[in-house]
Structure formats: structure tokens, C-alpha cells
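query-v4.cif (mmCIF, C-alpha atoms and all ligand atoms) appears below.
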data_query
#
loop_
_atom_site.group_PDB
_atom_site.id
_atom_site.type_symbol
_atom_site.label_atom_id
_atom_site.label_comp_id
_atom_site.auth_asym_id
_atom_site.auth_seq_id
_atom_site.Cartn_x
_atom_site.Cartn_y
_atom_site.Cartn_z
ATOM 1 C CA MET A 391 13.902 78.341 11.830
ATOM 2 C CA SER A 392 12.373 74.879 11.415
ATOM 3 C CA ASN A 393 9.002 73.691 12.719
ATOM 4 C CA LYS A 394 6.975 76.664 11.611
ATOM 5 C CA VAL A 395 3.250 77.272 11.587
ATOM 6 C CA ILE A 396 1.055 79.720 9.659
ATOM 7 C CA ILE A 397 -2.324 80.578 11.115
ATOM 8 C CA PHE A 398 -5.213 81.950 9.040
ATOM 9 C CA SER A 399 -8.230 83.214 10.952
ATOM 10 C CA ALA A 400 -11.271 85.214 9.927
ATOM 11 C CA PRO A 401 -14.804 86.090 10.854
ATOM 12 C CA SER A 402 -17.293 84.341 8.564
ATOM 13 C CA GLY A 403 -17.695 85.741 5.060
ATOM 14 C CA ALA A 404 -14.167 87.140 4.775
ATOM 15 C CA GLY A 405 -13.051 84.636 2.103
ATOM 16 C CA LYS A 406 -10.555 82.777 4.292
ATOM 17 C CA SER A 407 -10.805 79.295 2.780
ATOM 18 C CA THR A 408 -10.365 80.624 -0.777
ATOM 19 C CA ILE A 409 -7.132 82.353 0.220
ATOM 20 C CA VAL A 410 -5.860 79.381 2.261
ATOM 21 C CA ASN A 411 -6.482 76.970 -0.625
ATOM 22 C CA HIS A 412 -4.710 79.293 -3.048
ATOM 23 C CA ILE A 413 -1.637 79.478 -0.802
ATOM 24 C CA LEU A 414 -1.587 75.697 -0.215
ATOM 25 C CA GLY A 415 -1.625 75.178 -3.986
ATOM 26 C CA LEU A 416 1.479 77.341 -4.420
ATOM 27 C CA HIS A 417 3.749 75.819 -1.771
ATOM 28 C CA PRO A 418 4.218 72.033 -1.594
ATOM 29 C CA GLU A 419 6.103 72.437 1.694
ATOM 30 C CA LEU A 420 2.915 73.711 3.348
ATOM 31 C CA GLU A 421 0.520 71.200 4.850
ATOM 32 C CA PHE A 422 -2.996 71.777 6.131
ATOM 33 C CA SER A 423 -3.598 70.790 9.747
ATOM 34 C CA ILE A 424 -6.561 68.421 9.959
ATOM 35 C CA SER A 425 -8.543 69.206 13.100
ATOM 36 C CA ALA A 426 -10.429 66.748 15.251
ATOM 37 C CA THR A 427 -14.146 67.379 15.790
ATOM 38 C CA SER A 428 -17.133 65.808 17.494
ATOM 39 C CA ARG A 429 -19.595 67.154 14.936
ATOM 40 C CA ALA A 430 -21.027 64.731 12.383
ATOM 41 C CA PRO A 431 -19.472 64.589 8.889
ATOM 42 C CA ARG A 432 -21.310 66.760 6.322
ATOM 43 C CA GLY A 433 -21.879 65.585 2.741
ATOM 44 C CA GLN A 434 -18.800 63.855 1.326
ATOM 45 C CA GLU A 435 -16.512 64.671 4.261
ATOM 46 C CA GLN A 436 -14.165 61.842 5.224
ATOM 47 C CA HIS A 437 -12.265 60.937 8.368
ATOM 48 C CA GLY A 438 -8.667 62.037 7.924
ATOM 49 C CA VAL A 439 -9.383 64.394 5.021
ATOM 50 C CA GLU A 440 -11.461 67.393 6.187
ATOM 51 C CA TYR A 441 -11.445 66.380 9.858
ATOM 52 C CA TYR A 442 -10.752 63.484 12.177
ATOM 53 C CA PHE A 443 -14.262 62.628 13.382
ATOM 54 C CA PHE A 444 -14.935 61.407 16.926
ATOM 55 C CA THR A 445 -17.937 61.108 19.220
ATOM 56 C CA ALA A 446 -18.275 63.720 21.978
ATOM 57 C CA GLU A 447 -17.420 60.966 24.472
ATOM 58 C CA GLU A 448 -14.227 60.002 22.619
ATOM 59 C CA PHE A 449 -13.328 63.676 22.313
ATOM 60 C CA ARG A 450 -13.743 64.234 26.078
ATOM 61 C CA GLN A 451 -11.527 61.211 26.795
ATOM 62 C CA MET A 452 -8.860 62.603 24.477
ATOM 63 C CA ILE A 453 -9.022 65.950 26.319
ATOM 64 C CA ALA A 454 -8.584 64.095 29.620
ATOM 65 C CA GLN A 455 -5.541 62.314 28.156
ATOM 66 C CA ASP A 456 -4.011 65.700 27.246
ATOM 67 C CA MET A 457 -3.864 64.831 23.547
ATOM 68 C CA PHE A 458 -4.675 68.336 22.247
ATOM 69 C CA VAL A 459 -2.549 71.373 21.527
ATOM 70 C CA GLU A 460 -5.773 73.406 21.789
ATOM 71 C CA HIS A 461 -9.465 72.614 21.784
ATOM 72 C CA GLU A 462 -12.686 74.570 21.942
ATOM 73 C CA GLU A 463 -16.417 73.951 22.158
ATOM 74 C CA VAL A 464 -17.140 76.095 19.079
ATOM 75 C CA TYR A 465 -20.886 75.382 19.160
ATOM 76 C CA PRO A 466 -22.732 73.901 22.159
ATOM 77 C CA GLY A 467 -21.894 70.186 22.178
ATOM 78 C CA SER A 468 -19.537 70.443 19.165
ATOM 79 C CA PHE A 469 -15.869 70.210 20.038
ATOM 80 C CA TYR A 470 -12.996 71.110 17.725
ATOM 81 C CA GLY A 471 -9.295 70.852 18.379
ATOM 82 C CA THR A 472 -5.771 70.316 17.102
ATOM 83 C CA LEU A 473 -4.165 67.026 18.100
ATOM 84 C CA LYS A 474 -0.546 67.009 19.231
ATOM 85 C CA SER A 475 -0.076 63.975 16.954
ATOM 86 C CA GLU A 476 -1.171 66.071 13.939
ATOM 87 C CA VAL A 477 1.469 68.716 14.631
ATOM 88 C CA GLU A 478 4.134 66.003 15.010
ATOM 89 C CA ARG A 479 2.986 64.245 11.834
ATOM 90 C CA ILE A 480 3.441 67.376 9.710
ATOM 91 C CA TRP A 481 6.680 68.587 11.278
ATOM 92 C CA ALA A 482 8.178 65.069 10.939
ATOM 93 C CA LYS A 483 7.952 65.559 7.152
ATOM 94 C CA GLY A 484 9.766 68.880 7.411
ATOM 95 C CA HIS A 485 6.585 70.700 6.367
ATOM 96 C CA THR A 486 5.171 73.968 7.688
ATOM 97 C CA ILE A 487 1.722 73.647 9.247
ATOM 98 C CA VAL A 488 -1.184 75.736 7.946
ATOM 99 C CA PHE A 489 -4.126 76.301 10.263
ATOM 100 C CA ASP A 490 -7.526 77.479 9.022
ATOM 101 C CA ILE A 491 -9.238 78.280 12.271
ATOM 102 C CA ASP A 492 -11.716 80.663 13.914
ATOM 103 C CA VAL A 493 -10.505 83.894 15.522
ATOM 104 C CA GLN A 494 -10.427 82.584 19.098
ATOM 105 C CA GLY A 495 -8.554 79.431 18.034
ATOM 106 C CA GLY A 496 -6.081 81.522 16.027
ATOM 107 C CA VAL A 497 -5.287 83.722 19.011
ATOM 108 C CA ASN A 498 -4.802 80.621 21.186
ATOM 109 C CA LEU A 499 -2.464 78.986 18.652
ATOM 110 C CA LYS A 500 -0.351 82.143 18.298
ATOM 111 C CA ARG A 501 0.040 82.244 22.074
ATOM 112 C CA ILE A 502 1.090 78.568 22.089
ATOM 113 C CA PHE A 503 3.545 78.662 19.162
ATOM 114 C CA GLY A 504 4.952 82.176 19.692
ATOM 115 C CA ASP A 505 7.757 83.075 17.263
ATOM 116 C CA GLN A 506 7.395 79.763 15.425
ATOM 117 C CA ALA A 507 4.029 81.056 14.208
ATOM 118 C CA PHE A 508 2.888 83.774 11.844
ATOM 119 C CA SER A 509 -0.768 84.657 12.302
ATOM 120 C CA ILE A 510 -2.891 86.331 9.639
ATOM 121 C CA LEU A 511 -6.334 87.777 10.227
ATOM 122 C CA ILE A 512 -8.435 88.024 7.071
ATOM 123 C CA GLN A 513 -11.143 90.664 7.116
ATOM 124 C CA ALA A 514 -13.841 91.945 4.817
ATOM 125 C CA PRO A 515 -13.216 95.656 4.076
ATOM 126 C CA SER A 516 -16.077 96.684 6.376
ATOM 127 C CA VAL A 517 -19.061 95.294 8.210
ATOM 128 C CA GLU A 518 -21.277 96.808 5.500
ATOM 129 C CA VAL A 519 -19.386 94.994 2.708
ATOM 130 C CA LEU A 520 -19.621 91.765 4.683
ATOM 131 C CA ARG A 521 -23.391 92.236 4.988
ATOM 132 C CA GLN A 522 -23.676 92.893 1.235
ATOM 133 C CA ARG A 523 -21.636 89.757 0.444
ATOM 134 C CA LEU A 524 -23.866 87.604 2.619
ATOM 135 C CA VAL A 525 -27.000 89.150 1.053
ATOM 136 C CA GLY A 526 -25.531 88.630 -2.440
ATOM 137 C CA ARG A 527 -24.809 84.981 -1.710
ATOM 138 C CA GLY A 528 -28.528 84.517 -1.112
ATOM 139 C CA THR A 529 -28.132 81.480 1.149
ATOM 140 C CA ASP A 530 -29.082 83.009 4.502
ATOM 141 C CA THR A 531 -32.241 84.580 5.893
ATOM 142 C CA GLU A 532 -32.153 88.241 6.915
ATOM 143 C CA GLU A 533 -32.082 87.199 10.564
ATOM 144 C CA ALA A 534 -29.207 84.759 10.015
ATOM 145 C CA ILE A 535 -27.257 87.448 8.148
ATOM 146 C CA GLU A 536 -27.676 89.918 11.009
ATOM 147 C CA LYS A 537 -26.471 87.268 13.470
ATOM 148 C CA ARG A 538 -23.387 86.498 11.391
ATOM 149 C CA VAL A 539 -22.633 90.192 10.891
ATOM 150 C CA ALA A 540 -22.930 90.844 14.641
ATOM 151 C CA LYS A 541 -20.657 87.864 15.412
ATOM 152 C CA ALA A 542 -18.115 89.029 12.825
ATOM 153 C CA ALA A 543 -18.121 92.562 14.282
ATOM 154 C CA SER A 544 -17.447 91.299 17.812
ATOM 155 C CA GLU A 545 -14.745 88.893 16.532
ATOM 156 C CA MET A 546 -13.001 91.775 14.740
ATOM 157 C CA GLU A 547 -13.066 93.816 17.928
ATOM 158 C CA PHE A 548 -11.675 90.864 19.925
ATOM 159 C CA ALA A 549 -8.964 90.247 17.300
ATOM 160 C CA ALA A 550 -7.658 93.826 17.151
ATOM 161 C CA GLY A 551 -3.915 93.853 17.839
ATOM 162 C CA LYS A 552 -3.711 90.080 18.419
ATOM 163 C CA PHE A 553 -2.479 89.009 14.930
ATOM 164 C CA ASP A 554 0.880 89.472 13.189
ATOM 165 C CA HIS A 555 -0.813 90.720 10.021
ATOM 166 C CA VAL A 556 -4.285 91.907 9.042
ATOM 167 C CA LEU A 557 -5.181 91.178 5.427
ATOM 168 C CA VAL A 558 -8.189 93.104 4.119
ATOM 169 C CA ASN A 559 -9.894 91.033 1.436
ATOM 170 C CA ASP A 560 -11.338 93.708 -0.850
ATOM 171 C CA ASP A 561 -10.191 92.496 -4.269
ATOM 172 C CA LEU A 562 -9.398 88.751 -4.321
ATOM 173 C CA GLN A 563 -6.372 88.930 -6.674
ATOM 174 C CA THR A 564 -4.817 91.661 -4.531
ATOM 175 C CA ALA A 565 -5.496 89.584 -1.406
ATOM 176 C CA PHE A 566 -3.842 86.517 -3.051
ATOM 177 C CA ALA A 567 -0.747 88.589 -3.885
ATOM 178 C CA GLU A 568 -0.531 90.062 -0.388
ATOM 179 C CA ALA A 569 -0.940 86.621 1.213
ATOM 180 C CA GLU A 570 1.793 85.207 -1.081
ATOM 181 C CA ASP A 571 4.187 87.977 -0.075
ATOM 182 C CA ILE A 572 3.665 87.479 3.632
ATOM 183 C CA VAL A 573 3.880 83.684 3.472
ATOM 184 C CA SER A 574 7.017 83.672 1.277
ATOM 185 C CA GLY A 575 8.646 86.166 3.619
ATOM 186 C CA PHE A 576 7.912 84.019 6.639
ATOM 187 C CA LEU A 577 9.042 80.775 4.940
ATOM 188 C CA THR A 578 12.409 82.213 3.922
ATOM 189 C CA LYS A 579 13.068 83.719 7.354
ATOM 190 C CA ALA A 580 15.888 81.859 9.114
HETATM 191 P P1 LIG A 601 -17.227 73.718 10.554
HETATM 192 O O1 LIG A 601 -18.067 72.852 11.446
HETATM 193 O O2 LIG A 601 -18.074 74.692 9.768
HETATM 194 O O3 LIG A 601 -16.277 72.929 9.699
HETATM 195 O O4 LIG A 601 -16.285 74.618 11.503
HETATM 196 C C1 LIG A 601 -16.833 75.369 12.506
HETATM 197 C C2 LIG A 601 -15.803 76.254 13.152
HETATM 198 O O5 LIG A 601 -14.826 75.488 13.872
HETATM 199 C C3 LIG A 601 -15.014 77.113 12.183
HETATM 200 O O6 LIG A 601 -15.051 78.451 12.649
HETATM 201 C C4 LIG A 601 -13.619 76.555 12.254
HETATM 202 O O7 LIG A 601 -12.638 77.563 12.028
HETATM 203 C C5 LIG A 601 -13.551 76.054 13.680
HETATM 204 N N1 LIG A 601 -12.491 75.045 13.842
HETATM 205 C C6 LIG A 601 -12.106 74.090 12.971
HETATM 206 N N2 LIG A 601 -11.087 73.380 13.455
HETATM 207 C C7 LIG A 601 -10.793 73.899 14.673
HETATM 208 C C8 LIG A 601 -9.790 73.580 15.673
HETATM 209 O O8 LIG A 601 -8.960 72.695 15.537
HETATM 210 N N3 LIG A 601 -9.818 74.344 16.797
HETATM 211 C C9 LIG A 601 -10.707 75.350 16.985
HETATM 212 N N4 LIG A 601 -10.610 76.052 18.099
HETATM 213 N N5 LIG A 601 -11.648 75.675 16.062
HETATM 214 C C10 LIG A 601 -11.692 74.958 14.925
#

Before we go any further, please render this structure as C-alpha cells.
Amino acid sequence: MSNKVIIFSAPSGAGKSTIVNHILGLHPELEFSISATSRAPRGQEQHGVEYYFFTAEEFRQMIAQDMFVEHEEVYPGSFYGTLKSEVERIWAKGHTIVFDIDVQGGVNLKRIFGDQAFSILIQAPSVEVLRQRLVGRGTDTEEAIEKRVAKAASEMEFAAGKFDHVLVNDDLQTAFAEAEDIVSGFLTKA
């Protein structure tokens, strides 16, 4: 099968980006899908690298012109979405698209791409472990941690049964190996 996509989704704190970056480093035929967003660039972020940056007005016009595969207002006033042109750009090279996207977006993409897609939900071993990881990181207040934990718990409930594979990120090396197995299996499938 050509024109494949691999979708990685996770509630916050599950270690998704670490696993996605590891997998991208192993397979040159995989290419990360750069999303469009209306949020402002953070730090060193550049247009066309981490995201394609647009104003909210530009983003709304692009929605009206039906330029997105999917889009979502992830935070009030902040739009995120996958451009049809991005999908075409990557497939034109014969590459498989990798999405790193929130749980809702992942479910939407799986519905859109069907059998062309393999969707992987990455989870912390339990809500308690997730809480401990966020506490250990020391970057959030107690209140912020409780909010993130509550959001993660409701996302996990929403996600149940909606992904092709659930990868529990307990030990990182084990999670890398499991992700490699699944991705290689999908890439070699006819
Ligand atoms: P951040 O602003 O921290 O980079 O991303 C915020 C959230 O937007 C993350 O949960 C990320 O997964 C989600 N996101 C990034 N790109 C897309 C996209 O193309 N579509 C959707 N639905 N969500 C996205």
C-alpha cells in the first residue's frame, strides 16, 4: 500500500514527542507533518519547521477555502490543522506521513485516512504515574498539575477503543522497541 500515514497521539506527559523523534530518526522514509497554527511562534520556532504560522484571520480564510484535511480550535482562539497541501507534499516524495497530534485530532485523522493509517495512542502507565512525572519535572504548580492530570484522564477515557494500538510508556527503551516493531510492521505491509 502506498500513501500511508502513522498517527501518534497522547495525553500530556506520556512522552509522545520523545518516541516520535526516535522513530523519525530510524526511518528516512518517514516524514513529520508540519501543522498550520494561528498561535504565535515560541522561542526559536520557525515558519515551515515546527509549524506553518498564520494569523487567526488567515487561518479562518483557509478554512473557508477548504484547504484543511482537519482543523481544531485546540485552545480558545488558537487554531491548529493539517493542510491538504502538506499531505500532498509528503506523499509526492513517496514518504509516509507521521502525525504528532492530540487525542481528538488523532481520532479525526484515523477516521479520515482509514486503512491507509495506523494510529498509536501513547499512555503513561497510570494516572498516578503521570501525576508523579509532572511533579518530578517541577515545572508546574500543584493546580496546573491537577488540571493536566484531569484532562489526561478524560482524554484516555475518550480514546478507549479508538486507536489501532495502545503503547504504555513505562520504561522508555521498552517503549522505543515496541514502537519500532509496530511501525516496521506497518511499513512493510503491502
Ligand atoms: P503546541 O501549541 O503546544 O505546539 O500544541 C498544542 C496542541 O495542539 C498539542 O496538543 C498538539 O498535539 C495539537 N496540534 C498540533 N498540530 C495539530 C493539528 O494539525 N491538528 C490538531 N487537531 N491539533 C494539533

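Distances here use all atoms listed in the file; by that measure, the residue among A:Asp505, A:His555, A:Ala565, A:Gly471 closest to Lys579 of chain A is A:Asp505.
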
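Considering the residues A:Ala567, A:Ile413, A:Asn393, A:Ser402 and counting all atoms listed in the file, Lys537 of chain A has its shortest atom-to-atom contact with A:Ser402.
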
For ligand LIG 601 (chain A), list the contacting residues at 7 Å or closer, counting all atoms listed in the file, as a CSV table (one decimal) with C-alpha atoms, in the frame of the given file.
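Now in part.csv:
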chain,number,residue,atom,x,y,z
A,425,SER,CA,-8.5,69.2,13.1
A,426,ALA,CA,-10.4,66.7,15.3
A,429,ARG,CA,-19.6,67.2,14.9
A,460,GLU,CA,-5.8,73.4,21.8
A,461,HIS,CA,-9.5,72.6,21.8
A,462,GLU,CA,-12.7,74.6,21.9
A,464,VAL,CA,-17.1,76.1,19.1
A,470,TYR,CA,-13.0,71.1,17.7
A,471,GLY,CA,-9.3,70.9,18.4
A,472,THR,CA,-5.8,70.3,17.1
A,490,ASP,CA,-7.5,77.5,9.0
A,491,ILE,CA,-9.2,78.3,12.3
A,492,ASP,CA,-11.7,80.7,13.9
A,494,GLN,CA,-10.4,82.6,19.1
A,495,GLY,CA,-8.6,79.4,18.0

Point to revise | Counting all atoms listed in the file, the residue of A:Ala400, A:Val439, A:Leu420, A:Leu414 that sits nearest Ser544 of chain A | key: A:Ala400

Practice item. Could you tell me which residues the PyMOL selection byres (((chain A and resi 422) around 10) and not hetatm) returns for this structure, as a ChimeraX atom specification? Key: /A:395-396,410-411,414,420-421,423-425,439-440,476,480,485-490

Store the residues of this selection in a file with C-alpha atoms, as a PDB file, in the coordinates of the input.
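The result, written out as selection34.pdb:
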ATOM      1  CA  VAL A 395       3.250  77.272  11.587  1.00  0.00           C
ATOM      2  CA  ILE A 396       1.055  79.720   9.659  1.00  0.00           C
ATOM      3  CA  VAL A 410      -5.860  79.381   2.261  1.00  0.00           C
ATOM      4  CA  ASN A 411      -6.482  76.970  -0.625  1.00  0.00           C
ATOM      5  CA  LEU A 414      -1.587  75.697  -0.215  1.00  0.00           C
ATOM      6  CA  LEU A 420       2.915  73.711   3.348  1.00  0.00           C
ATOM      7  CA  GLU A 421       0.520  71.200   4.850  1.00  0.00           C
ATOM      8  CA  SER A 423      -3.598  70.790   9.747  1.00  0.00           C
ATOM      9  CA  ILE A 424      -6.561  68.421   9.959  1.00  0.00           C
ATOM     10  CA  SER A 425      -8.543  69.206  13.100  1.00  0.00           C
ATOM     11  CA  VAL A 439      -9.383  64.394   5.021  1.00  0.00           C
ATOM     12  CA  GLU A 440     -11.461  67.393   6.187  1.00  0.00           C
ATOM     13  CA  GLU A 476      -1.171  66.071  13.939  1.00  0.00           C
ATOM     14  CA  ILE A 480       3.441  67.376   9.710  1.00  0.00           C
ATOM     15  CA  HIS A 485       6.585  70.700   6.367  1.00  0.00           C
ATOM     16  CA  THR A 486       5.171  73.968   7.688  1.00  0.00           C
ATOM     17  CA  ILE A 487       1.722  73.647   9.247  1.00  0.00           C
ATOM     18  CA  VAL A 488      -1.184  75.736   7.946  1.00  0.00           C
ATOM     19  CA  PHE A 489      -4.126  76.301  10.263  1.00  0.00           C
ATOM     20  CA  ASP A 490      -7.526  77.479   9.022  1.00  0.00           C
TER      21      ASP A 490
END

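Minimum distance to Ile409 of chain A across A:Phe576, A:Gly467, A:Leu511, A:Thr529 (counting all atoms listed in the file) occurs at A:Leu511.
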
Point to revise | Spatial neighbours of Val525 of chain A, 12 Å, only C-alpha atoms, chain gap at least 4 places, as a PyMOL selection string | key: chain A and resi 403+518-521+529-536+538-539

Exercise for review: Counting all atoms listed in the file, figure out which residue out of A:Gly405, A:Gly551, A:Gly496, A:Pro418 gets nearest to Lys483 of chain A.
Suggested key: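 Closest to Lys483 of chain A of all the choices is A:Pro418.
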
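A straight line drawn from atom CA of Gln451 of chain A to atom CA of Pro431 of chain A is 19.9 Å long.
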
Exercise for review: Go ahead and compute the interatomic distance for atom CA of Val558 of chain A and atom CA of Gln513 of chain A, in Å to one decimal.
Suggested key: 4.9 Å

Exercise for review: For Pro515 of chain A, please output as a list in words all residues within 10 Å (counting only C-alpha atoms; exclusion window: fewer than 6 positions along the same chain).
Suggested key: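 So the residues in contact are Ala404, Leu557, Val558, Asn559, Asp560 and Asp561 of chain A.
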
Exercise for review: Check the smallest atom-to-atom distance from each of A:Ala569, A:Gln506, A:Val459, A:Phe469 to Phe444 of chain A using all atoms listed in the file, then report the winner.
Suggested key: A:Phe469

Review point. So how many Å separate atom CA of Ala514 of chain A and atom CA of Gly526 of chain A, to one decimal?
Key: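 Computing it gives 14.2 Å between the two atoms.
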